[in-house]
Amino acid sequence: MTSTTIASPPQADSAVRLVHLTKTYPNGPEQVAALQGVSLAIRPGAFTAIMGPSGAGKSTFLNLAAGLDTPTHGQVFIGDIDITELSSDAVTRFRRRHVGFVFQSYNLIGHLTVGENIQLPMLLDGRRPDEQWQQELVESVGLTGMTERLPGELSGGQAQRVAIARALITRPTVVFADEPTGALDRRTGDQVLDVLRGAAKRFTQTLVLVTHDPHVAATADEVLFLADGRLAGGLVAPTPSQIATRLVELGR
Ligand SMILES: Nc1ncnc2c1ncn2[C@@H]1O[C@H](COP(=O)(O)OP(=O)(O)OP(=O)(O)O)[C@@H](O)[C@H]1O
């Protein structure tokens, strides 16, 4: 096991806190303002859905909050660690230990087995996977008996379950998911979402999920809306129709 110079995120009031988060991308001679001064806090253990029209900045938001990208201005706290102050190597180490990320497109390594894919974040961090924990995760995402398969031998729903187990193997405090059910049919998507939400609850993780689907967002504790790179309010435990109405107002 390698030693770390980064403390575990201590018990802070918020699991994720963004302060005036701004991201601009160059676009020829102009700049695209993907995020414009977003400030918010997400409480530990909450399930938060992020919604908004196409181009509103949802993926940018998630990538910055997870430390996959760096902001132009502003700060990102995970627990009470300001990850925007860390060097790029330190952010990578921090991310591997405390943050899980589930992509829409699974991002599995094709020549590694399911079991090897799940272990990868631990191996990349120089740590030995805890076999008992891995087994528990494999069971809880419904992949029992499939760990020797290759990703090419899985359905989309099974592949996303592997991605979820891989995101959880390090016991992260926060799990980010970008349209994790976007490539799946409704039934499979619902099952995968149940797995993700159930695991987050069982392992007391904070879950932040980007979705276009009001039915998916309605299962969250809170829905936050983005529009034109700005926070455009939130709804606590809304119904799908309240969410749909809000999206129409925002010009979905
Ligand atoms: N790497 C990049 N370079 C330039 N512009 C970018 C880049 N990434 C995103 N953008 C721009 O930033 C804005 C926000 O993009 P983002 O992908 O965060 O939106 P989104 O809400 O996730 O959209 P969608 O729902 O369509 O996935 C858009 O105008 C997009 O074109």
# chains A, B, ... in the order shown; residues from 1 in each chain; ligands from 1
$ residues_near_ligand --ligand "ligand 1" --cutoff "12 Å" --atoms "only C-alpha atoms and all ligand atoms" --output "number ranges by chain"
A: 22-36, 50-65, 69-70, 103-104, 177-179, 182, 209-213, 225-231, 252
$ select_by_dssp --residues "stretch 51-140 of chain A" --states "strand (DSSP E or B)" --output "list of chain:residue names"
A:Met51, A:His73, A:Gly74, A:Gln75, A:Val76, A:Phe77, A:Ile78, A:Ile81, A:Asp82, A:Val99, A:Gly100, A:Phe101, A:Val102
$ write_last_selection --atoms "C-alpha atoms" --output "PDB file, in the first residue's frame"
ATOM      1  CA  MET A  51     -30.923  18.897 -15.059  1.00  0.00           C
ATOM      2  CA  HIS A  73     -12.187  30.538 -11.684  1.00  0.00           C
ATOM      3  CA  GLY A  74     -13.716  29.351  -8.458  1.00  0.00           C
ATOM      4  CA  GLN A  75     -13.269  26.509  -6.015  1.00  0.00           C
ATOM      5  CA  VAL A  76     -14.469  22.927  -5.583  1.00  0.00           C
ATOM      6  CA  PHE A  77     -14.508  21.414  -2.103  1.00  0.00           C
ATOM      7  CA  ILE A  78     -14.980  17.687  -1.571  1.00  0.00           C
ATOM      8  CA  ILE A  81     -10.561  19.678   0.816  1.00  0.00           C
ATOM      9  CA  ASP A  82     -10.276  22.367  -1.868  1.00  0.00           C
ATOM     10  CA  VAL A  99     -14.533  10.096  -5.871  1.00  0.00           C
ATOM     11  CA  GLY A 100     -16.373   7.621  -8.099  1.00  0.00           C
ATOM     12  CA  PHE A 101     -17.482   8.474 -11.631  1.00  0.00           C
ATOM     13  CA  VAL A 102     -19.960   6.618 -13.860  1.00  0.00           C
TER      14      VAL A 102
END
$ atom_distance --atom1 "atom CA of A:Ala15" --atom2 "atom CA of A:Ile42"
5.7 Å
$ atom_distance --atom1 "atom CA of A:Val223" --atom2 "atom CA of A:Arg166"
25.5 Å
$ select_by_dssp --residues "stretch 101-191 of chain A" --states "helix (DSSP H, G or I)" --output "PyMOL selection string"
chain A and resi 114-124+131-140+151-153+156-168+186-191
$ decode --residues "stretch 92-117 of chain A" --atoms "N, CA and C atoms" --output "tab-separated table (two decimals), in the first residue's frame"
chain	number	residue	atom	x	y	z
A	92	THR	N	-5.47	13.72	-8.98
A	92	THR	CA	-5.67	12.36	-9.49
A	92	THR	C	-5.70	11.37	-8.34
A	93	ARG	N	-4.75	11.50	-7.40
A	93	ARG	CA	-4.71	10.59	-6.24
A	93	ARG	C	-5.96	10.75	-5.39
A	94	PHE	N	-6.34	12.02	-5.18
A	94	PHE	CA	-7.52	12.30	-4.35
A	94	PHE	C	-8.75	11.68	-5.00
A	95	ARG	N	-8.88	11.89	-6.31
A	95	ARG	CA	-10.03	11.37	-7.05
A	95	ARG	C	-10.11	9.85	-6.94
A	96	ARG	N	-8.96	9.21	-7.10
A	96	ARG	CA	-8.94	7.74	-7.04
A	96	ARG	C	-9.41	7.23	-5.69
A	97	ARG	N	-9.17	8.01	-4.65
A	97	ARG	CA	-9.51	7.53	-3.30
A	97	ARG	C	-10.88	7.95	-2.82
A	98	HIS	N	-11.36	9.08	-3.27
A	98	HIS	CA	-12.57	9.63	-2.64
A	98	HIS	C	-13.73	9.89	-3.60
A	99	VAL	N	-13.49	9.74	-4.90
A	99	VAL	CA	-14.53	10.10	-5.87
A	99	VAL	C	-14.76	8.93	-6.82
A	100	GLY	N	-16.04	8.60	-7.07
A	100	GLY	CA	-16.37	7.62	-8.10
A	100	GLY	C	-17.06	8.33	-9.25
A	101	PHE	N	-16.85	7.83	-10.47
A	101	PHE	CA	-17.48	8.47	-11.63
A	101	PHE	C	-18.05	7.40	-12.54
A	102	VAL	N	-19.32	7.56	-12.93
A	102	VAL	CA	-19.96	6.62	-13.86
A	102	VAL	C	-20.30	7.40	-15.13
A	103	PHE	N	-19.79	6.92	-16.26
A	103	PHE	CA	-20.00	7.59	-17.55
A	103	PHE	C	-21.18	6.95	-18.29
A	104	GLN	N	-21.79	7.70	-19.18
A	104	GLN	CA	-22.89	7.15	-19.99
A	104	GLN	C	-22.40	5.95	-20.81
A	105	SER	N	-21.15	6.06	-21.30
A	105	SER	CA	-20.65	5.06	-22.25
A	105	SER	C	-19.81	3.97	-21.57
A	106	TYR	N	-19.99	3.78	-20.27
A	106	TYR	CA	-19.39	2.71	-19.45
A	106	TYR	C	-17.87	2.85	-19.30
A	107	ASN	N	-17.15	3.09	-20.45
A	107	ASN	CA	-15.68	3.23	-20.42
A	107	ASN	C	-14.97	2.04	-19.78
A	108	LEU	N	-15.40	0.82	-20.14
A	108	LEU	CA	-14.70	-0.37	-19.63
A	108	LEU	C	-13.51	-0.68	-20.54
A	109	ILE	N	-12.51	-1.38	-19.99
A	109	ILE	CA	-11.34	-1.79	-20.78
A	109	ILE	C	-11.65	-3.15	-21.40
A	110	GLY	N	-11.69	-3.18	-22.74
A	110	GLY	CA	-12.21	-4.34	-23.46
A	110	GLY	C	-11.45	-5.64	-23.24
A	111	HIS	N	-10.12	-5.56	-23.02
A	111	HIS	CA	-9.36	-6.81	-22.90
A	111	HIS	C	-9.21	-7.27	-21.44
A	112	LEU	N	-9.80	-6.53	-20.50
A	112	LEU	CA	-9.78	-6.94	-19.10
A	112	LEU	C	-11.12	-7.58	-18.74
A	113	THR	N	-11.08	-8.58	-17.86
A	113	THR	CA	-12.33	-9.21	-17.44
A	113	THR	C	-13.14	-8.25	-16.58
A	114	VAL	N	-14.38	-8.64	-16.32
A	114	VAL	CA	-15.25	-7.84	-15.45
A	114	VAL	C	-14.57	-7.61	-14.10
A	115	GLY	N	-14.03	-8.69	-13.53
A	115	GLY	CA	-13.37	-8.58	-12.22
A	115	GLY	C	-12.19	-7.63	-12.28
A	116	GLU	N	-11.40	-7.74	-13.35
A	116	GLU	CA	-10.21	-6.87	-13.48
A	116	GLU	C	-10.62	-5.41	-13.69
A	117	ASN	N	-11.70	-5.19	-14.46
A	117	ASN	CA	-12.19	-3.83	-14.64
A	117	ASN	C	-12.61	-3.22	-13.31
